[in-house]
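Just entry-v1.cif here, mmCIF, N, CA and C atoms:
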```
data_entry
loop_
_atom_site.label_atom_id
_atom_site.label_comp_id
_atom_site.auth_asym_id
_atom_site.auth_seq_id
_atom_site.Cartn_x
_atom_site.Cartn_y
_atom_site.Cartn_z
N MET A 1125 11.49 -0.09 7.20
CA MET A 1125 11.27 -1.50 6.94
C MET A 1125 10.63 -1.66 5.58
N ASN A 1126 10.90 -2.77 4.95
CA ASN A 1126 10.31 -3.14 3.66
C ASN A 1126 9.34 -4.28 3.91
N VAL A 1127 8.11 -4.16 3.40
CA VAL A 1127 7.08 -5.16 3.66
C VAL A 1127 6.64 -5.79 2.35
N TYR A 1128 6.56 -7.13 2.36
CA TYR A 1128 6.22 -7.93 1.19
C TYR A 1128 4.97 -8.74 1.51
N LEU A 1129 3.85 -8.40 0.89
CA LEU A 1129 2.59 -9.10 1.13
C LEU A 1129 2.42 -10.21 0.12
N ASP A 1130 2.40 -11.45 0.60
CA ASP A 1130 2.23 -12.60 -0.29
C ASP A 1130 1.90 -13.83 0.52
N ASP A 1131 1.02 -14.67 -0.01
CA ASP A 1131 0.65 -15.89 0.68
C ASP A 1131 1.51 -17.09 0.28
N GLU A 1132 2.21 -17.00 -0.86
CA GLU A 1132 2.99 -18.15 -1.34
C GLU A 1132 4.48 -17.87 -1.50
N ARG A 1133 4.82 -16.75 -2.10
CA ARG A 1133 6.22 -16.45 -2.38
C ARG A 1133 6.95 -16.02 -1.11
N GLU A 1134 8.20 -16.43 -1.02
CA GLU A 1134 9.05 -15.98 0.08
C GLU A 1134 9.44 -14.52 -0.17
N ALA A 1135 9.61 -13.79 0.89
CA ALA A 1135 10.03 -12.40 0.77
C ALA A 1135 11.49 -12.33 0.36
N PRO A 1136 11.84 -11.34 -0.45
CA PRO A 1136 13.25 -11.14 -0.79
C PRO A 1136 14.06 -10.81 0.47
N ALA A 1137 15.35 -11.00 0.38
CA ALA A 1137 16.24 -10.67 1.51
C ALA A 1137 16.04 -9.20 1.88
N GLY A 1138 15.94 -8.95 3.17
CA GLY A 1138 15.78 -7.58 3.65
C GLY A 1138 14.33 -7.12 3.72
N TRP A 1139 13.40 -7.99 3.39
CA TRP A 1139 11.98 -7.66 3.41
C TRP A 1139 11.27 -8.49 4.47
N LEU A 1140 10.28 -7.90 5.11
CA LEU A 1140 9.46 -8.58 6.10
C LEU A 1140 8.21 -9.10 5.38
N ARG A 1141 7.96 -10.40 5.53
CA ARG A 1141 6.81 -10.99 4.85
C ARG A 1141 5.56 -10.85 5.70
N ALA A 1142 4.48 -10.44 5.04
CA ALA A 1142 3.15 -10.40 5.65
C ALA A 1142 2.23 -11.28 4.81
N TYR A 1143 1.24 -11.86 5.45
CA TYR A 1143 0.33 -12.77 4.77
C TYR A 1143 -1.04 -12.16 4.50
N TRP A 1144 -1.43 -11.15 5.32
CA TRP A 1144 -2.78 -10.60 5.24
C TRP A 1144 -2.75 -9.07 5.27
N PRO A 1145 -3.75 -8.44 4.66
CA PRO A 1145 -3.81 -6.98 4.64
C PRO A 1145 -3.76 -6.33 6.02
N ASP A 1146 -4.42 -6.92 7.01
CA ASP A 1146 -4.42 -6.29 8.34
C ASP A 1146 -3.03 -6.23 8.94
N GLU A 1147 -2.18 -7.21 8.62
CA GLU A 1147 -0.79 -7.16 9.09
C GLU A 1147 -0.06 -5.97 8.46
N VAL A 1148 -0.25 -5.81 7.15
CA VAL A 1148 0.42 -4.73 6.43
C VAL A 1148 -0.05 -3.38 6.95
N ILE A 1149 -1.35 -3.24 7.16
CA ILE A 1149 -1.90 -1.98 7.65
C ILE A 1149 -1.33 -1.65 9.03
N ALA A 1150 -1.17 -2.65 9.88
CA ALA A 1150 -0.56 -2.41 11.20
C ALA A 1150 0.87 -1.89 11.04
N PHE A 1151 1.63 -2.46 10.12
CA PHE A 1151 2.99 -1.98 9.86
C PHE A 1151 2.95 -0.54 9.34
N LEU A 1152 2.02 -0.26 8.41
CA LEU A 1152 1.91 1.08 7.86
C LEU A 1152 1.57 2.09 8.95
N LYS A 1153 0.71 1.73 9.85
CA LYS A 1153 0.33 2.64 10.94
C LYS A 1153 1.52 2.97 11.84
N SER A 1154 2.51 2.09 11.87
CA SER A 1154 3.70 2.35 12.69
C SER A 1154 4.54 3.49 12.13
N GLY A 1155 4.35 3.79 10.84
CA GLY A 1155 5.11 4.85 10.20
C GLY A 1155 6.52 4.45 9.81
N LYS A 1156 6.85 3.17 9.90
CA LYS A 1156 8.21 2.71 9.64
C LYS A 1156 8.40 2.05 8.28
N VAL A 1157 7.33 1.90 7.50
CA VAL A 1157 7.43 1.21 6.21
C VAL A 1157 7.98 2.18 5.17
N LYS A 1158 9.07 1.79 4.54
CA LYS A 1158 9.69 2.60 3.49
C LYS A 1158 9.31 2.10 2.10
N GLN A 1159 9.22 0.76 1.98
CA GLN A 1159 8.86 0.15 0.70
C GLN A 1159 7.82 -0.93 0.96
N LEU A 1160 6.91 -1.08 -0.01
CA LEU A 1160 5.83 -2.05 0.10
C LEU A 1160 5.66 -2.73 -1.24
N SER A 1161 5.61 -4.05 -1.23
CA SER A 1161 5.35 -4.81 -2.45
C SER A 1161 4.15 -5.70 -2.20
N LEU A 1162 3.17 -5.64 -3.11
CA LEU A 1162 1.89 -6.29 -2.88
C LEU A 1162 1.54 -7.34 -3.91
N ASP A 1163 1.05 -8.47 -3.42
CA ASP A 1163 0.37 -9.47 -4.23
C ASP A 1163 -1.11 -9.15 -4.13
N HIS A 1164 -1.91 -9.57 -5.08
CA HIS A 1164 -3.34 -9.33 -4.99
C HIS A 1164 -4.05 -10.50 -4.34
N ASP A 1165 -3.95 -11.67 -4.92
CA ASP A 1165 -4.69 -12.85 -4.46
C ASP A 1165 -3.93 -13.52 -3.32
N LEU A 1166 -4.57 -13.57 -2.16
CA LEU A 1166 -3.89 -14.07 -0.96
C LEU A 1166 -4.49 -15.38 -0.42
N GLY A 1167 -5.37 -15.99 -1.21
CA GLY A 1167 -5.88 -17.30 -0.82
C GLY A 1167 -7.18 -17.28 -0.03
N ASN A 1168 -7.62 -16.12 0.44
CA ASN A 1168 -8.87 -16.03 1.18
C ASN A 1168 -9.40 -14.61 1.04
N ASP A 1169 -10.25 -14.41 0.02
CA ASP A 1169 -10.75 -13.06 -0.25
C ASP A 1169 -11.54 -12.48 0.92
N ASN A 1170 -12.07 -13.34 1.79
CA ASN A 1170 -12.78 -12.83 2.97
C ASN A 1170 -11.83 -12.11 3.92
N LYS A 1171 -10.54 -12.48 3.89
CA LYS A 1171 -9.54 -11.80 4.73
C LYS A 1171 -8.89 -10.63 4.00
N GLY A 1172 -9.21 -10.49 2.71
CA GLY A 1172 -8.74 -9.35 1.96
C GLY A 1172 -7.74 -9.68 0.87
N THR A 1173 -7.43 -8.64 0.09
CA THR A 1173 -6.48 -8.75 -1.02
C THR A 1173 -5.47 -7.62 -0.90
N GLY A 1174 -4.48 -7.66 -1.75
CA GLY A 1174 -3.52 -6.56 -1.78
C GLY A 1174 -4.17 -5.24 -2.13
N TYR A 1175 -5.24 -5.28 -2.91
CA TYR A 1175 -5.96 -4.06 -3.28
C TYR A 1175 -6.57 -3.40 -2.04
N ASP A 1176 -6.98 -4.19 -1.07
CA ASP A 1176 -7.54 -3.63 0.17
C ASP A 1176 -6.52 -2.76 0.90
N VAL A 1177 -5.26 -3.13 0.82
CA VAL A 1177 -4.20 -2.31 1.43
C VAL A 1177 -4.15 -0.95 0.73
N LEU A 1178 -4.26 -0.97 -0.59
CA LEU A 1178 -4.23 0.28 -1.34
C LEU A 1178 -5.43 1.17 -1.00
N LEU A 1179 -6.59 0.56 -0.80
CA LEU A 1179 -7.76 1.34 -0.41
C LEU A 1179 -7.53 2.01 0.95
N TRP A 1180 -6.90 1.27 1.88
CA TRP A 1180 -6.60 1.85 3.18
C TRP A 1180 -5.62 3.01 3.04
N ILE A 1181 -4.58 2.82 2.24
CA ILE A 1181 -3.57 3.87 2.05
C ILE A 1181 -4.22 5.11 1.44
N GLU A 1182 -5.04 4.91 0.41
CA GLU A 1182 -5.68 6.06 -0.24
C GLU A 1182 -6.51 6.86 0.78
N ARG A 1183 -7.28 6.17 1.58
CA ARG A 1183 -8.10 6.85 2.59
C ARG A 1183 -7.22 7.57 3.60
N ALA A 1184 -6.15 6.91 4.05
CA ALA A 1184 -5.25 7.52 5.04
C ALA A 1184 -4.56 8.75 4.48
N VAL A 1185 -4.20 8.73 3.21
CA VAL A 1185 -3.58 9.90 2.58
C VAL A 1185 -4.59 11.04 2.55
N PHE A 1186 -5.80 10.75 2.12
CA PHE A 1186 -6.81 11.79 1.97
C PHE A 1186 -7.29 12.35 3.31
N ILE A 1187 -7.57 11.48 4.25
CA ILE A 1187 -8.16 11.90 5.53
C ILE A 1187 -7.10 12.39 6.52
N ASP A 1188 -5.99 11.65 6.62
CA ASP A 1188 -5.02 11.90 7.68
C ASP A 1188 -3.71 12.51 7.21
N GLY A 1189 -3.55 12.71 5.90
CA GLY A 1189 -2.29 13.23 5.40
C GLY A 1189 -1.16 12.22 5.47
N PHE A 1190 -1.51 10.94 5.50
CA PHE A 1190 -0.52 9.86 5.55
C PHE A 1190 0.42 9.98 4.36
N VAL A 1191 1.70 9.82 4.60
CA VAL A 1191 2.69 9.84 3.53
C VAL A 1191 2.98 8.38 3.15
N PRO A 1192 2.58 7.98 1.93
CA PRO A 1192 2.73 6.57 1.56
C PRO A 1192 4.18 6.20 1.29
N PRO A 1193 4.50 4.92 1.53
CA PRO A 1193 5.83 4.44 1.16
C PRO A 1193 5.90 4.25 -0.36
N THR A 1194 7.04 3.87 -0.85
CA THR A 1194 7.18 3.46 -2.25
C THR A 1194 6.43 2.14 -2.38
N ILE A 1195 5.54 2.05 -3.36
CA ILE A 1195 4.68 0.87 -3.50
C ILE A 1195 4.90 0.22 -4.86
N ALA A 1196 5.02 -1.12 -4.85
CA ALA A 1196 5.12 -1.90 -6.07
C ALA A 1196 4.11 -3.04 -6.01
N VAL A 1197 3.82 -3.61 -7.17
CA VAL A 1197 2.92 -4.75 -7.27
C VAL A 1197 3.70 -5.91 -7.88
N HIS A 1198 3.62 -7.09 -7.24
CA HIS A 1198 4.26 -8.27 -7.81
C HIS A 1198 3.24 -9.38 -8.12
N SER A 1199 1.98 -9.04 -8.21
CA SER A 1199 0.91 -10.00 -8.45
C SER A 1199 0.99 -10.57 -9.86
N ALA A 1200 0.70 -11.86 -9.99
CA ALA A 1200 0.63 -12.51 -11.30
C ALA A 1200 -0.75 -12.35 -11.92
N ASN A 1201 -1.71 -11.84 -11.17
CA ASN A 1201 -3.06 -11.61 -11.66
C ASN A 1201 -3.04 -10.34 -12.52
N SER A 1202 -3.07 -10.51 -13.83
CA SER A 1202 -2.83 -9.38 -14.74
C SER A 1202 -3.89 -8.29 -14.62
N SER A 1203 -5.15 -8.64 -14.50
CA SER A 1203 -6.18 -7.60 -14.40
C SER A 1203 -6.11 -6.89 -13.05
N ALA A 1204 -5.83 -7.62 -11.99
CA ALA A 1204 -5.68 -7.00 -10.67
C ALA A 1204 -4.44 -6.12 -10.64
N ARG A 1205 -3.39 -6.55 -11.30
CA ARG A 1205 -2.17 -5.75 -11.35
C ARG A 1205 -2.45 -4.37 -11.96
N ILE A 1206 -3.19 -4.35 -13.06
CA ILE A 1206 -3.52 -3.07 -13.70
C ILE A 1206 -4.32 -2.20 -12.75
N LYS A 1207 -5.32 -2.77 -12.11
CA LYS A 1207 -6.15 -2.01 -11.16
C LYS A 1207 -5.30 -1.48 -10.01
N MET A 1208 -4.38 -2.29 -9.51
CA MET A 1208 -3.53 -1.88 -8.40
C MET A 1208 -2.55 -0.80 -8.83
N GLU A 1209 -1.97 -0.94 -10.01
CA GLU A 1209 -1.03 0.08 -10.49
C GLU A 1209 -1.73 1.42 -10.72
N CYS A 1210 -2.98 1.38 -11.18
CA CYS A 1210 -3.76 2.62 -11.32
C CYS A 1210 -4.01 3.24 -9.95
N ALA A 1211 -4.32 2.41 -8.97
CA ALA A 1211 -4.54 2.91 -7.60
C ALA A 1211 -3.27 3.56 -7.05
N ILE A 1212 -2.13 2.95 -7.30
CA ILE A 1212 -0.86 3.50 -6.82
C ILE A 1212 -0.61 4.86 -7.47
N THR A 1213 -0.87 4.97 -8.75
CA THR A 1213 -0.70 6.25 -9.44
C THR A 1213 -1.58 7.32 -8.78
N GLN A 1214 -2.81 6.98 -8.50
CA GLN A 1214 -3.73 7.94 -7.87
C GLN A 1214 -3.30 8.28 -6.45
N ILE A 1215 -2.82 7.30 -5.71
CA ILE A 1215 -2.33 7.55 -4.35
C ILE A 1215 -1.17 8.53 -4.39
N ASN A 1216 -0.24 8.31 -5.31
CA ASN A 1216 0.92 9.19 -5.40
C ASN A 1216 0.53 10.61 -5.82
N LEU A 1217 -0.42 10.74 -6.73
CA LEU A 1217 -0.91 12.07 -7.12
C LEU A 1217 -1.59 12.75 -5.94
N LEU A 1218 -2.41 12.02 -5.23
CA LEU A 1218 -3.10 12.58 -4.07
C LEU A 1218 -2.10 13.02 -3.01
N ALA A 1219 -1.11 12.19 -2.77
CA ALA A 1219 -0.09 12.52 -1.76
C ALA A 1219 0.67 13.78 -2.16
N ARG A 1220 1.04 13.90 -3.43
CA ARG A 1220 1.73 15.11 -3.90
C ARG A 1220 0.85 16.33 -3.75
N ASN A 1221 -0.43 16.19 -4.09
CA ASN A 1221 -1.36 17.31 -3.96
C ASN A 1221 -1.57 17.69 -2.50
N GLN A 1222 -1.63 16.71 -1.62
CA GLN A 1222 -1.78 16.97 -0.19
C GLN A 1222 -0.57 17.74 0.32
N GLN A 1223 0.62 17.33 -0.08
CA GLN A 1223 1.84 18.01 0.35
C GLN A 1223 1.89 19.42 -0.21
N GLY A 1224 1.49 19.58 -1.47
CA GLY A 1224 1.46 20.90 -2.08
C GLY A 1224 0.48 21.83 -1.40
N SER A 1225 -0.67 21.30 -1.01
CA SER A 1225 -1.68 22.10 -0.30
C SER A 1225 -1.16 22.55 1.05
N LYS A 1226 -0.46 21.68 1.73
CA LYS A 1226 0.09 22.03 3.04
C LYS A 1226 1.13 23.14 2.90
N ARG A 1227 1.98 23.06 1.87
CA ARG A 1227 2.98 24.09 1.64
C ARG A 1227 2.31 25.43 1.40
N CYS A 1228 1.29 25.42 0.52
CA CYS A 1228 0.59 26.68 0.20
C CYS A 1228 -0.11 27.23 1.44
N TYR A 1229 -0.72 26.35 2.20
CA TYR A 1229 -1.43 26.78 3.39
C TYR A 1229 -0.46 27.35 4.41
N ASN A 1230 0.68 26.71 4.58
CA ASN A 1230 1.65 27.17 5.57
C ASN A 1230 2.33 28.48 5.14
N GLU A 1231 2.34 28.78 3.85
CA GLU A 1231 2.96 30.01 3.38
C GLU A 1231 2.06 31.22 3.58
N SER A 1232 0.77 30.99 3.77
CA SER A 1232 -0.18 32.10 3.92
C SER A 1232 -0.01 32.83 5.22
#
```
Please render this file's structure as structure tokens.
Amino acid sequence: MNVYLDDEREAPAGWLRAYWPDEVIAFLKSGKVKQLSLDHDLGNDNKGTGYDVLLWIERAVFIDGFVPPTIAVHSANSSARIKMECAITQINLLARNQQGSKRCYNES
């Protein structure tokens, strides 16, 4: 499934729209998300932002060996976009390192 987090924009065809980070995290926990596109500002910072989803993914990769989906950012908030894109880069590096560690460990 493809998940599109946004409070205002309609999801593209073939994408499931989510409005809040907790919805996205529930989808991610299902293990069925293949692609994820995130907005940052969702209209109620008390309920979270798109960056909160990235924090959850990073923790899940590090602690649980979660394999992240392909992640994109469609936020119009330019400073948040940069922060989110940096987080995605780090998540992908961590995921690659986690997979590499498992390969090395399993070869021993």
Can you pull out the residues contacting Thr1173 in chain A? Cut-off 6 Å, using only N, CA and C atoms, and skip same-chain residues under 3 positions away; I want them as number ranges by chain. A: 1145, 1163-1166, 1169, 1176-1177
Go through the shown structure with the PyMOL selection byres (((chain A and resi 1143 and name CA) around 8) and name CA) and write out the matching residues as number ranges by chain. A: 1129-1131, 1141-1142, 1144-1145, 1147, 1166
Export, as a CSV table (one decimal), in the frame of the given file, the selected residues with N, CA and C atoms.
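Result file is selection_16.csv:
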```csv
chain,number,residue,atom,x,y,z
A,1129,LEU,N,3.8,-8.4,0.9
A,1129,LEU,CA,2.6,-9.1,1.1
A,1129,LEU,C,2.4,-10.2,0.1
A,1130,ASP,N,2.4,-11.4,0.6
A,1130,ASP,CA,2.2,-12.6,-0.3
A,1130,ASP,C,1.9,-13.8,0.5
A,1131,ASP,N,1.0,-14.7,0.0
A,1131,ASP,CA,0.6,-15.9,0.7
A,1131,ASP,C,1.5,-17.1,0.3
A,1141,ARG,N,8.0,-10.4,5.5
A,1141,ARG,CA,6.8,-11.0,4.8
A,1141,ARG,C,5.6,-10.8,5.7
A,1142,ALA,N,4.5,-10.4,5.0
A,1142,ALA,CA,3.2,-10.4,5.6
A,1142,ALA,C,2.2,-11.3,4.8
A,1144,TRP,N,-1.4,-11.2,5.3
A,1144,TRP,CA,-2.8,-10.6,5.2
A,1144,TRP,C,-2.8,-9.1,5.3
A,1145,PRO,N,-3.8,-8.4,4.7
A,1145,PRO,CA,-3.8,-7.0,4.6
A,1145,PRO,C,-3.8,-6.3,6.0
A,1147,GLU,N,-2.2,-7.2,8.6
A,1147,GLU,CA,-0.8,-7.2,9.1
A,1147,GLU,C,-0.1,-6.0,8.5
A,1166,LEU,N,-4.6,-13.6,-2.2
A,1166,LEU,CA,-3.9,-14.1,-1.0
A,1166,LEU,C,-4.5,-15.4,-0.4
```
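Between atom C of Pro1193 in chain A and atom C of Asn1216 in chain A the interatomic distance comes to 10.0 Å.
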Grab all the atoms of range 1125-1135 of chain A that the file lists, wrap them in a box along x, y and z, add 3 Å per side, and give me centre plus edge lengths in Å (one decimal) as AutoDock Vina command-line options.
```
--center_x 6.1 --center_y -9.1 --center_z 2.4 --size_x 16.8 --size_y 24.1 --size_z 15.6
```
The distance between CA of Leu1162 in chain A and CA of Gln1223 in chain A is 24.5 Å
